[in-house]
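The file query-v2.txt contains compact mmCIF, C-alpha atoms and all ligand atoms:
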```txt
# COMPACT_ATOMS: atom_id res chain seq x y z
CA MET A 1 -34.87 -24.78 -44.16
CA ASP A 2 -37.73 -26.50 -42.30
CA PRO A 3 -35.97 -29.40 -40.51
CA PHE A 4 -38.67 -31.84 -41.64
CA ALA A 5 -38.51 -30.71 -45.28
CA VAL A 6 -35.73 -33.22 -45.94
CA LEU A 7 -38.16 -36.05 -45.16
CA ASP A 8 -40.77 -37.60 -47.39
CA GLU A 9 -44.09 -35.86 -46.64
CA ARG A 10 -45.79 -38.93 -45.19
CA VAL A 11 -42.83 -39.64 -42.90
CA ALA A 12 -42.56 -35.98 -41.87
CA ARG A 13 -46.21 -35.97 -40.74
CA VAL A 14 -45.65 -38.85 -38.29
CA VAL A 15 -42.30 -37.44 -37.10
CA GLU A 16 -44.00 -34.10 -36.39
CA GLU A 17 -46.73 -35.87 -34.42
CA LEU A 18 -44.10 -37.61 -32.30
CA GLU A 19 -42.41 -34.24 -31.77
CA GLU A 20 -45.73 -32.86 -30.50
CA GLN A 21 -46.07 -35.82 -28.15
CA ARG A 22 -42.53 -35.19 -26.90
CA GLN A 23 -43.55 -31.63 -25.98
CA ALA A 24 -46.84 -32.76 -24.40
CA SER A 25 -45.23 -35.51 -22.31
CA ARG A 26 -42.59 -33.38 -20.61
CA GLY A 27 -42.88 -34.52 -17.02
CA GLY A 28 -43.84 -38.03 -18.06
CA VAL A 29 -46.95 -39.87 -19.19
CA PRO A 30 -47.43 -42.45 -16.43
CA SER A 31 -49.49 -44.90 -18.51
CA TYR A 32 -46.68 -45.39 -21.03
CA PRO A 33 -43.27 -47.01 -20.54
CA ARG A 34 -40.55 -44.37 -20.65
CA ALA A 35 -38.66 -44.27 -23.93
CA PRO A 36 -37.00 -40.86 -24.34
CA MET A 37 -36.62 -39.96 -28.00
CA LEU A 38 -33.42 -38.97 -29.72
CA HIS A 39 -32.74 -35.23 -29.79
CA PRO A 40 -34.04 -33.76 -33.09
CA GLU A 41 -30.58 -32.48 -34.10
CA SER A 42 -29.10 -35.93 -33.43
CA ALA A 43 -31.79 -37.55 -35.57
CA ARG A 44 -31.07 -35.12 -38.39
CA LEU A 45 -27.35 -35.81 -38.19
CA LEU A 46 -27.94 -39.58 -38.37
CA HIS A 47 -30.24 -39.14 -41.36
CA LEU A 48 -27.56 -37.09 -43.10
CA LEU A 49 -24.80 -39.62 -42.25
CA VAL A 50 -26.82 -42.55 -43.63
CA LEU A 51 -27.45 -40.65 -46.86
CA VAL A 52 -23.86 -39.46 -47.30
CA GLY A 53 -22.43 -42.90 -46.42
CA LYS A 54 -25.00 -44.61 -48.68
CA TYR A 55 -25.57 -47.13 -45.89
CA ARG A 56 -28.08 -49.88 -46.66
CA ARG A 57 -27.89 -52.40 -43.82
CA LEU A 58 -29.08 -50.59 -40.75
CA LEU A 59 -29.66 -51.82 -37.20
CA GLU A 60 -31.28 -49.91 -34.34
CA ILE A 61 -31.02 -51.10 -30.74
CA GLY A 62 -33.76 -49.42 -28.70
CA SER A 63 -36.63 -48.65 -31.09
CA GLY A 64 -38.83 -46.72 -28.68
CA TYR A 65 -42.01 -45.30 -30.19
CA GLY A 66 -40.37 -44.78 -33.56
CA TYR A 67 -38.84 -41.31 -33.66
CA SER A 68 -35.30 -42.43 -34.53
CA THR A 69 -36.68 -45.44 -36.45
CA LEU A 70 -38.50 -43.13 -38.85
CA TRP A 71 -35.47 -40.90 -39.49
CA LEU A 72 -33.21 -43.91 -40.07
CA ALA A 73 -35.72 -45.87 -42.16
CA GLU A 74 -36.42 -42.86 -44.37
CA ALA A 75 -32.72 -42.54 -45.19
CA ALA A 76 -32.32 -46.31 -45.62
CA HIS A 77 -35.26 -46.32 -48.03
CA ARG A 78 -33.69 -43.57 -50.15
CA ASN A 79 -30.52 -45.69 -50.34
CA GLY A 80 -32.49 -48.83 -51.28
CA GLY A 81 -31.66 -50.37 -47.89
CA THR A 82 -33.42 -51.79 -44.85
CA LEU A 83 -33.51 -51.30 -41.07
CA VAL A 84 -33.80 -53.95 -38.36
CA THR A 85 -35.03 -52.41 -35.11
CA CYS A 86 -34.93 -54.07 -31.65
CA GLU A 87 -37.31 -53.35 -28.76
CA ILE A 88 -37.95 -55.29 -25.57
CA GLU A 89 -41.34 -53.76 -24.59
CA PRO A 90 -44.14 -55.29 -26.72
CA ARG A 91 -46.43 -52.26 -26.23
CA VAL A 92 -43.70 -49.88 -27.35
CA ALA A 93 -42.79 -52.10 -30.31
CA GLU A 94 -46.45 -52.18 -31.37
CA ALA A 95 -46.66 -48.38 -31.28
CA ASN A 96 -43.44 -48.22 -33.30
CA ARG A 97 -44.89 -50.62 -35.89
CA THR A 98 -48.01 -48.46 -36.21
CA HIS A 99 -45.95 -45.30 -36.74
CA VAL A 100 -43.75 -47.00 -39.33
CA ALA A 101 -46.82 -48.28 -41.21
CA ARG A 102 -48.49 -44.85 -41.15
CA ALA A 103 -45.28 -43.39 -42.60
CA GLY A 104 -45.42 -45.97 -45.41
CA LEU A 105 -42.10 -47.54 -44.38
CA GLN A 106 -43.34 -51.01 -43.37
CA GLY A 107 -41.47 -52.58 -46.30
CA VAL A 108 -38.19 -51.10 -45.05
CA VAL A 109 -38.32 -51.93 -41.31
CA SER A 110 -38.20 -55.34 -39.59
CA HIS A 111 -39.16 -55.35 -35.90
CA LEU A 112 -37.45 -57.70 -33.47
CA VAL A 113 -39.38 -57.77 -30.21
CA GLY A 114 -37.47 -59.18 -27.25
CA ASP A 115 -34.16 -58.76 -25.51
CA ALA A 116 -31.74 -57.18 -27.99
CA ARG A 117 -28.79 -58.73 -26.14
CA GLN A 118 -30.02 -62.10 -27.46
CA ASN A 119 -31.37 -60.84 -30.78
CA VAL A 120 -28.18 -59.00 -31.73
CA ALA A 121 -26.15 -62.09 -30.84
CA ASP A 122 -28.37 -64.15 -33.16
CA LEU A 123 -28.41 -61.74 -36.09
CA PRO A 124 -25.89 -62.71 -38.77
CA GLY A 125 -25.31 -59.17 -40.10
CA PRO A 126 -23.46 -57.68 -41.81
CA PHE A 127 -24.41 -54.13 -40.88
CA ASP A 128 -23.02 -50.85 -42.09
CA PHE A 129 -24.87 -48.50 -39.72
CA VAL A 130 -25.95 -49.14 -36.12
CA LEU A 131 -27.64 -46.87 -33.58
CA ILE A 132 -27.35 -47.88 -29.92
CA ASP A 133 -29.94 -46.01 -27.82
CA THR A 134 -30.94 -48.24 -24.93
CA VAL A 135 -29.87 -49.30 -21.43
CA LYS A 136 -26.42 -47.77 -20.85
CA ALA A 137 -25.02 -50.79 -18.99
CA ASP A 138 -25.46 -52.85 -22.19
CA TYR A 139 -23.65 -50.59 -24.70
CA LEU A 140 -20.33 -52.38 -24.35
CA THR A 141 -21.99 -55.79 -24.77
CA TYR A 142 -23.54 -54.58 -28.04
CA PHE A 143 -20.24 -53.20 -29.28
CA GLU A 144 -18.48 -56.51 -28.64
CA LEU A 145 -21.31 -58.46 -30.32
CA LEU A 146 -21.17 -56.16 -33.33
CA ILE A 147 -17.42 -56.24 -33.98
CA PRO A 148 -17.55 -59.32 -36.27
CA LYS A 149 -20.78 -58.13 -37.92
CA MET A 150 -19.75 -54.68 -39.12
CA LEU A 151 -18.67 -53.89 -42.68
CA PRO A 152 -15.54 -51.79 -43.29
CA ASN A 153 -16.44 -48.08 -43.18
CA GLY A 154 -19.56 -48.97 -41.18
CA LEU A 155 -20.63 -46.71 -38.32
CA ILE A 156 -21.71 -47.57 -34.80
CA VAL A 157 -23.41 -44.54 -33.24
CA ALA A 158 -24.11 -44.45 -29.50
CA ASP A 159 -26.46 -41.86 -27.98
CA ASN A 160 -26.22 -40.23 -24.52
CA VAL A 161 -22.44 -40.32 -24.26
CA ILE A 162 -22.36 -36.82 -22.75
CA SER A 163 -25.61 -36.96 -20.72
CA HIS A 164 -24.52 -40.35 -19.26
CA ALA A 165 -20.75 -39.94 -19.49
CA ALA A 166 -19.97 -41.71 -16.20
CA GLU A 167 -22.11 -44.77 -17.03
CA LEU A 168 -20.60 -44.96 -20.50
CA ALA A 169 -16.96 -44.38 -19.52
CA GLU A 170 -15.97 -48.00 -20.17
CA TYR A 171 -17.76 -48.00 -23.53
CA LEU A 172 -16.00 -44.80 -24.56
CA GLU A 173 -12.62 -46.07 -23.50
CA ARG A 174 -13.12 -49.27 -25.50
CA VAL A 175 -14.31 -47.66 -28.76
CA LYS A 176 -11.71 -44.88 -28.62
CA SER A 177 -8.84 -47.34 -28.18
CA HIS A 178 -10.03 -50.17 -30.43
CA PRO A 179 -7.54 -50.80 -33.29
CA LEU A 180 -10.35 -51.32 -35.84
CA TYR A 181 -12.19 -48.11 -35.01
CA GLU A 182 -11.76 -44.38 -35.20
CA SER A 183 -14.18 -42.71 -32.83
CA VAL A 184 -15.28 -39.16 -32.16
CA THR A 185 -17.61 -37.62 -29.56
CA VAL A 186 -20.02 -35.16 -31.14
CA PRO A 187 -21.54 -32.66 -28.68
CA ILE A 188 -25.02 -32.58 -30.18
CA GLY A 189 -28.22 -33.44 -28.31
CA ALA A 190 -27.32 -35.82 -25.47
CA GLY A 191 -23.92 -36.49 -27.09
CA LEU A 192 -23.25 -38.97 -29.88
CA GLU A 193 -20.23 -41.24 -30.11
CA ILE A 194 -19.62 -41.98 -33.78
CA SER A 195 -17.29 -44.92 -34.35
CA ARG A 196 -16.18 -45.89 -37.87
CA ARG A 197 -14.71 -49.26 -38.70
CA VAL A 198 -11.56 -48.36 -40.58
CA ARG A 199 -10.98 -51.73 -42.35
C1 LIG A 201 -34.09 -44.30 -25.18
S1 LIG A 201 -35.36 -45.38 -25.65
C2 LIG A 201 -35.21 -45.44 -27.42
C3 LIG A 201 -35.69 -44.20 -28.09
C4 LIG A 201 -35.68 -44.26 -29.61
N1 LIG A 201 -34.36 -44.59 -30.11
C5 LIG A 201 -36.15 -42.93 -30.17
O1 LIG A 201 -35.32 -42.07 -30.50
O2 LIG A 201 -37.38 -42.74 -30.24
C6 LIG A 201 -34.68 -46.95 -25.20
C7 LIG A 201 -35.55 -48.14 -25.59
O3 LIG A 201 -34.79 -49.33 -25.38
C8 LIG A 201 -35.67 -50.34 -24.96
N2 LIG A 201 -34.89 -51.43 -24.32
C9 LIG A 201 -34.38 -51.46 -23.06
N3 LIG A 201 -33.71 -52.60 -22.84
C10 LIG A 201 -33.75 -53.31 -24.00
C11 LIG A 201 -33.26 -54.58 -24.42
N4 LIG A 201 -32.53 -55.34 -23.59
N5 LIG A 201 -33.54 -54.99 -25.66
C12 LIG A 201 -34.27 -54.21 -26.51
N6 LIG A 201 -34.77 -53.00 -26.18
C13 LIG A 201 -34.52 -52.55 -24.95
C14 LIG A 201 -36.63 -49.61 -24.04
O4 LIG A 201 -37.83 -50.33 -23.86
C15 LIG A 201 -36.81 -48.28 -24.77
O5 LIG A 201 -37.93 -48.29 -25.60
```
Render the structure in this file as C-alpha cells.
Ligand SMILES: C[S@@+](CC[C@H](N)C(=O)[O-])C[C@H]1O[C@@H](n2cnc3c(N)ncnc32)[C@H](O)[C@@H]1O
Amino acid sequence: MDPFAVLDERVARVVEELEEQRQASRGGVPSYPRAPMLHPESARLLHLLVLVGKYRRLLEIGSGYGYSTLWLAEAAHRNGGTLVTCEIEPRVAEANRTHVARAGLQGVVSHLVGDARQNVADLPGPFDFVLIDTVKADYLTYFELLIPKMLPNGLIVADNVISHAAELAEYLERVKSHPLYESVTVPIGAGLEISRRVR
C-alpha cells in the first residue's frame, strides 16, 4: 500500500512535498533553521497509534516545518480531536502554519510560538498523546511537566532515543522506572520511546 494512501488526499499532497524537500535538503539548506523531520516510518507508526488509541488531546513539542504535525493532526481530526504544537523559531512556526492551512487542518491545530519549556508549564492539559521531538537536554523537563497533565492510558512518545542514546540516558532511565508508566524502546527511524500512563 502507498504509505500516503492512509492520509486524506489534501494532507498527503503537502506531506509528499515535505518529503521531497527532505530529499532535496540532504546536506543542509543554509538559509533555513535546521529542523530534521521525523522518519517516515516513525510518523506512520504515530498516526496508527493515535487512530488505534482514539486519542483526541494531542500535544507536539518541536513542530518543525510540519511533517509530524500533519501526520498527527490528520489522525486527531479523524478522531474528532485537536493538536497543540509548540515551536520556538517564528520562521519555522510560520512555515508550519502555512503547511497546516494548505492541508486543510487549520481548525485542528493550535500553534504556540515561543519556548515550549514555558508553554508546556502553562498549558493546563489534559493530554492523551504527546510527541517530544526537540532539544534532547529538555526531554526530561518535559516529562516531569507532563506527569500531572496526562490522562490514564495516554502516551508520551520521544523521538531520537537510539540516535541520541547517550544524551537521553537520563530520560530513558526515568521513564522506564517510573511507577505510573510502562515504557518500550521501538527501533524504528531514529528510535522511539513509547511510554504509556498505566493509571
Ligand atoms: C527535530 S525538529 C522537529 C521536527 C518535527 N517534529 C518534524 O517531524 O517535522 C525540533 C524543533 O524544535 C524546535 N525547538 C527547539 N527548542 C525549542 C523550545 N525550547 N521550544 C519549542 N521548540 C523548540 C526547533 O526550532 C525545531 O524546529
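The closest residue to A:Glu170, picked from A:Thr69, A:Thr185, A:Thr141, A:Thr98 and counting only C-alpha atoms, is A:Thr141.
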* To do: Find the residues around A:Leu146 up to 12 Å (all atoms listed in the file counted), leave out those fewer than 5 positions away in its own chain, and share them as a ChimeraX atom specification.
  => /A:59-61,116-117,119-132,139-141,151,154-157,175,195,197
Tell me which protein, DNA and RNA residues are within 12 Å of A:Thr134, counting all atoms listed in the file, leaving out same-chain ones fewer than 2 positions away, and put them as a PDB file with C-alpha atoms, in the frame of the given file.
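Printed below is part.pdb as written:
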```
ATOM      1  CA  ARG A  34     -40.550 -44.370 -20.650  1.00  0.00           C
ATOM      2  CA  ALA A  35     -38.660 -44.270 -23.930  1.00  0.00           C
ATOM      3  CA  PRO A  36     -37.000 -40.860 -24.340  1.00  0.00           C
ATOM      4  CA  MET A  37     -36.620 -39.960 -28.000  1.00  0.00           C
ATOM      5  CA  LEU A  38     -33.420 -38.970 -29.720  1.00  0.00           C
ATOM      6  CA  GLU A  60     -31.280 -49.910 -34.340  1.00  0.00           C
ATOM      7  CA  ILE A  61     -31.020 -51.100 -30.740  1.00  0.00           C
ATOM      8  CA  GLY A  62     -33.760 -49.420 -28.700  1.00  0.00           C
ATOM      9  CA  SER A  63     -36.630 -48.650 -31.090  1.00  0.00           C
ATOM     10  CA  GLY A  64     -38.830 -46.720 -28.680  1.00  0.00           C
ATOM     11  CA  THR A  85     -35.030 -52.410 -35.110  1.00  0.00           C
ATOM     12  CA  CYS A  86     -34.930 -54.070 -31.650  1.00  0.00           C
ATOM     13  CA  GLU A  87     -37.310 -53.350 -28.760  1.00  0.00           C
ATOM     14  CA  ILE A  88     -37.950 -55.290 -25.570  1.00  0.00           C
ATOM     15  CA  GLU A  89     -41.340 -53.760 -24.590  1.00  0.00           C
ATOM     16  CA  ASP A 115     -34.160 -58.760 -25.510  1.00  0.00           C
ATOM     17  CA  ALA A 116     -31.740 -57.180 -27.990  1.00  0.00           C
ATOM     18  CA  ARG A 117     -28.790 -58.730 -26.140  1.00  0.00           C
ATOM     19  CA  LEU A 131     -27.640 -46.870 -33.580  1.00  0.00           C
ATOM     20  CA  ILE A 132     -27.350 -47.880 -29.920  1.00  0.00           C
ATOM     21  CA  LYS A 136     -26.420 -47.770 -20.850  1.00  0.00           C
ATOM     22  CA  ALA A 137     -25.020 -50.790 -18.990  1.00  0.00           C
ATOM     23  CA  ASP A 138     -25.460 -52.850 -22.190  1.00  0.00           C
ATOM     24  CA  TYR A 139     -23.650 -50.590 -24.700  1.00  0.00           C
ATOM     25  CA  LEU A 140     -20.330 -52.380 -24.350  1.00  0.00           C
ATOM     26  CA  THR A 141     -21.990 -55.790 -24.770  1.00  0.00           C
ATOM     27  CA  TYR A 142     -23.540 -54.580 -28.040  1.00  0.00           C
ATOM     28  CA  VAL A 157     -23.410 -44.540 -33.240  1.00  0.00           C
ATOM     29  CA  ALA A 158     -24.110 -44.450 -29.500  1.00  0.00           C
ATOM     30  CA  ASP A 159     -26.460 -41.860 -27.980  1.00  0.00           C
ATOM     31  CA  ASN A 160     -26.220 -40.230 -24.520  1.00  0.00           C
ATOM     32  CA  VAL A 161     -22.440 -40.320 -24.260  1.00  0.00           C
ATOM     33  CA  HIS A 164     -24.520 -40.350 -19.260  1.00  0.00           C
ATOM     34  CA  LEU A 168     -20.600 -44.960 -20.500  1.00  0.00           C
TER      35      LEU A 168
END
```
* To do: Skip A:Leu72 itself and residues of its chain fewer than 3 positions away, then list as a list in words all residues within 9 Å of it, counting only C-alpha atoms.
  => Ala43, Leu46, His47, Val50, Leu58, Glu60, Tyr67, Ser68, Thr69, Ala75, Ala76, His77 and Leu83 of chain A
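Nearest residue to ligand LIG 201 (chain A) among A:Gly80, A:Pro3, A:Gly114, A:Pro152 is A:Gly114, counting all atoms listed in the file.
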* **For atom C5 of ligand LIG 201 (chain A) and atom CA of A:Asp133, the interatomic separation in Å (one decimal)** =>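 Between these atoms lies a distance of 7.3 Å.
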Let me have the centre and edge lengths of the axis-aligned box enclosing all listed atoms of ligand LIG 201 (chain A) with 6 Å padding on every side, in Å to one decimal, as JSON.
```
{"center_x": -35.2, "center_y": -48.7, "center_z": -26.7, "size_x": 17.4, "size_y": 25.3, "size_z": 19.7}
```
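The two atoms in question, atom CA of A:Arg102 and atom CA of A:Val15, are spaced 10.5 Å apart.
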* Structure fact -> The distance between atom CA of A:Tyr171 and atom CA of A:Val52 is 26.0 Å
* To do: Identify, on the basis of only C-alpha atoms, every residue whose closest approach to A:Glu17 does not exceed 12 Å; exclude the query and any residue fewer than 6 positions from it along the same chain; express the result as a ChimeraX atom specification.
  => /A:4,10-11,23-24,65-67,70,99,102-103
* Non-local contacts of A:Pro179 (10 Å; all atoms listed in the file; under 5 positions in same chain excluded) as a PyMOL selection string -> chain A and resi 174+197-199
* Would you mind telling me which residue in A:Val100, A:Leu172, A:Met150, A:Leu145 lies nearest to A:Ala12 when using all atoms listed in the file? =>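 Selected residue with least distance to A:Ala12: A:Val100.
Checking A:Arg22, A:Glu74, A:Ser42, A:Leu49 one by one against A:Asp8, counting all atoms listed in the file, you find the shortest gap at A:Glu74.
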* From the set A:Arg57, A:Glu19, A:Glu94, A:Glu9, which residue has the shortest atom-to-atom contact distance to A:Pro40, counting all atoms listed in the file? -> A:Glu19
